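Asks: Before I ask anything, let me first share the structure, which is written out below as structure tokens.
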Amino acid sequence: MKSGEKMALRSLDNALPTTPDRPKKIARVSVLPVSKKSTSDIIVNDENQAPVPVSSEPIIEYISSEDLNPISEPESKINGLMDGLDSKDWAKVCESLNDVRRFALFDSSILVPVLDKVMLVMVKAMKNPRSALVKTSIMAASDIFKAFTDNLLESSTSDALDQLLLQLLLKASQDKKFVCEEAEKSLRIMVESISPVQLLHKLRVYSSHNNPRVRAKAAVSISHSASRMDLNGMKEFGLGKLIQIGADLLNDRLPEAREAARKTITSIYDAFVQDEELKDSELSLKESWENFCLSNLQTIQAQSLIKIIFT
């Protein structure tokens, strides 16, 4: 062997061992079996054809109170009402809630024996995640308020009314606009339908609720109730208690609550100046208002209320 050939062999011996090429991985493709479909089942993306509905869920129609019609045979229909309200089919519950509205508006006396149970079903429906069911139940609440007014304060339905009021305040506080607006409307109807003195006793609890949005909605309802009261009504509720509620809400976190508190205080003052005793007093209206505020509130709160009226 020649010297040149030996050198070549040495260079091969000193080289790093080469790694043999690994076999390349072949991707495994799973072929799903194609189900046999008739040509009528195949959806063609044709711009000239109407789109095929994606969901088969029922569409709920929201009927205003003015467009509702009486039930043709209310005596027989009432027998199956609770079964419909207790149905697991939410669309059936919506249908039954609309029947409740018809009973309330046209045949309210037939509804009386089951009214408390119906109201509790409405409370349950308002807790449901389906917005259509929630809104329908809120609309039913509005018609219940219109039909039964102060009768809802009776012992048989008072507890159910408390639960209904809380749910309406919660729904009026949420972000879904169409539910929120319906709940606010229902609260306003409630205020217009029920005696403000009795209703204020129920609303007062929520003026200190932990949820600031609930407090704000309660403050609005309180201001609406106060605007419907004269001096005698406010005295019956407790003029000092009412002015304290307004003063507390005046420092609330949310502007909506503070604005409602100002309106409440203005309503109190408008009634306050109608007191016959003030006409015989040597004090001015401002001095009388100052004395009233200072006698019922802490000094810093009283000063705020005085400024609202006399600034």
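Chain labels A, B, ... are given in the sequence in which chains occur in the structure tokens; within each chain residues are numbered consecutively from 1, and ligands are likewise numbered from 1 in the order shown.
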Skipping near chain neighbours, those fewer than 6 positions away, what residues fall within 12 Å of Ser186 of chain A using only C-alpha atoms, listed as a list in words?
Replies: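 Contacts, in chain order: Lys135, Thr136, Ser137, Ile138, Met139, Ala140, Ala141, Ser142, Asp143, Ile144, Phe145, Lys146, Leu164, Leu165, Gln167, Leu168, Leu169, Lys171, Ala172, Val179, Cys180, Glu192, Ser193, Lys217 and Ser221 of chain A.
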Asks: List the neighbours of segment 260-274 of chain A out to 7 Å using only C-alpha atoms; skip same-chain residues closer than 2 positions along the sequence, and give me the result as a PyMOL selection string.
Replies: chain A and resi 219-220+223+226-227+230-231+243+246+249-250+256-258+276
Asks: Hey, which of A:Met119, A:Met82, A:Val114, A:Ile189 ends up closest to Ser158 of chain A? Count only C-alpha atoms.
Replies: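 Result for the nearest residue to Ser158 of chain A: A:Met119.
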Asks: Would you kindly return, as a list in words, each protein, DNA or RNA residue with an atom no farther than 10 Å from any atom of Leu199 of chain A, considering only C-alpha atoms and excluding same-chain residues fewer than 6 positions away?
Replies: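 Within the cut-off, the hits are Asp150, Leu153, Met190, Val191, Ser193, Ser221, Ile222, Ser225 and Phe237 of chain A.
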Asks: Fewer than 5 positions away in the same chain doesn't count, so skip those; otherwise give me all residues within 10 Å of Gln301 of chain A, counting only C-alpha atoms, as number ranges by chain.
Replies: A: 244, 246-248, 250-251, 293-294, 296, 306
Asks: Selected residues, all heavy atoms, written as a compact mmCIF listing (two decimals), in the first residue's frame, please.
Replies:
# COMPACT_ATOMS: atom_id res chain seq x y z
N GLN A 244 -83.49 59.91 57.05
CA GLN A 244 -82.24 59.19 57.31
C GLN A 244 -81.87 58.32 56.11
O GLN A 244 -80.69 58.24 55.74
CB GLN A 244 -82.38 58.33 58.55
CG GLN A 244 -81.10 57.60 58.95
CD GLN A 244 -80.01 58.53 59.41
OE1 GLN A 244 -80.14 59.20 60.43
NE2 GLN A 244 -78.90 58.60 58.66
N GLY A 246 -82.64 58.92 52.99
CA GLY A 246 -82.14 59.84 51.96
C GLY A 246 -80.74 60.32 52.25
O GLY A 246 -79.89 60.40 51.35
N ALA A 247 -80.45 60.62 53.51
CA ALA A 247 -79.12 61.11 53.89
C ALA A 247 -78.05 60.04 53.68
O ALA A 247 -76.94 60.33 53.22
CB ALA A 247 -79.13 61.57 55.34
N ASP A 248 -78.37 58.79 54.01
CA ASP A 248 -77.40 57.70 53.84
C ASP A 248 -77.10 57.47 52.35
O ASP A 248 -75.94 57.28 51.97
CB ASP A 248 -77.94 56.42 54.47
CG ASP A 248 -77.98 56.49 55.99
OD1 ASP A 248 -77.29 57.34 56.57
OD2 ASP A 248 -78.73 55.70 56.60
N LEU A 250 -77.30 59.56 50.04
CA LEU A 250 -76.67 60.74 49.44
C LEU A 250 -75.16 60.58 49.32
O LEU A 250 -74.52 61.23 48.50
CB LEU A 250 -77.01 61.97 50.29
CG LEU A 250 -76.80 63.34 49.66
CD1 LEU A 250 -77.65 63.50 48.41
CD2 LEU A 250 -77.13 64.44 50.66
N ASN A 251 -74.59 59.68 50.11
CA ASN A 251 -73.14 59.43 50.08
C ASN A 251 -72.81 58.09 49.44
O ASN A 251 -71.72 57.56 49.64
CB ASN A 251 -72.58 59.47 51.51
CG ASN A 251 -72.70 60.85 52.13
OD1 ASN A 251 -72.41 61.85 51.48
ND2 ASN A 251 -73.14 60.90 53.39
N CYS A 293 -83.63 68.96 60.16
CA CYS A 293 -82.49 68.11 59.75
C CYS A 293 -81.55 67.85 60.93
O CYS A 293 -81.11 66.71 61.14
CB CYS A 293 -81.73 68.77 58.61
SG CYS A 293 -82.65 68.85 57.05
N LEU A 294 -81.25 68.89 61.70
CA LEU A 294 -80.32 68.74 62.82
C LEU A 294 -80.90 67.87 63.93
O LEU A 294 -80.15 67.21 64.67
CB LEU A 294 -79.96 70.12 63.38
CG LEU A 294 -79.05 70.97 62.48
CD1 LEU A 294 -78.99 72.41 62.99
CD2 LEU A 294 -77.64 70.37 62.41
N ASN A 296 -82.72 65.22 63.43
CA ASN A 296 -82.86 63.83 62.97
C ASN A 296 -81.57 63.24 62.42
O ASN A 296 -81.50 62.01 62.25
CB ASN A 296 -83.93 63.74 61.89
CG ASN A 296 -85.33 63.91 62.43
OD1 ASN A 296 -85.92 62.99 62.98
ND2 ASN A 296 -85.89 65.11 62.28
N ILE A 306 -79.33 70.53 53.93
CA ILE A 306 -79.67 71.96 53.89
C ILE A 306 -79.16 72.59 52.60
O ILE A 306 -79.85 73.39 51.96
CB ILE A 306 -79.06 72.67 55.13
CG1 ILE A 306 -79.75 72.16 56.40
CG2 ILE A 306 -79.22 74.18 54.99
CD1 ILE A 306 -79.02 72.54 57.68
Asks: By how many Å are atom CA of Leu278 of chain A and atom CA of Leu242 of chain A apart?
Replies: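 Separating atom CA of Leu278 of chain A from atom CA of Leu242 of chain A is a distance of 19.6 Å.
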Asks: Atom CA of Glu236 of chain A to atom CA of Val197 of chain A: how many Å, to one decimal?
Replies: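 That distance, rounded to one decimal, is 7.3 Å.
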Asks: Let me make sure I understand: among A:Gly80, A:Pro58, A:Pro255, A:Gly240, which one has the smallest atom-to-atom distance to Arg215 of chain A if we use only C-alpha atoms?
Replies: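 Comparing A:Gly80, A:Pro58, A:Pro255, A:Gly240 against Arg215 of chain A, the winner is A:Pro255.
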Asks: Return the single residue from A:Phe106, A:Leu297, A:Ser131, A:Arg101 that is closest to Val118 of chain A, with distances computed using only C-alpha atoms.
Replies: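 Result for the nearest residue to Val118 of chain A: A:Arg101.
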Asks: Between atom CA of Tyr206 of chain A and atom CA of Leu254 of chain A, what distance in Å does the model show, to one decimal?
Replies: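 These two atoms are separated by 14.6 Å.
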Asks: Pick out the closest residue to His201 of chain A from this set: A:Pro129, A:Pro113, A:Gly238, A:Pro74. Count only C-alpha atoms.
Replies: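 Looking at the shortest contact to His201 of chain A, the residue is A:Gly238.
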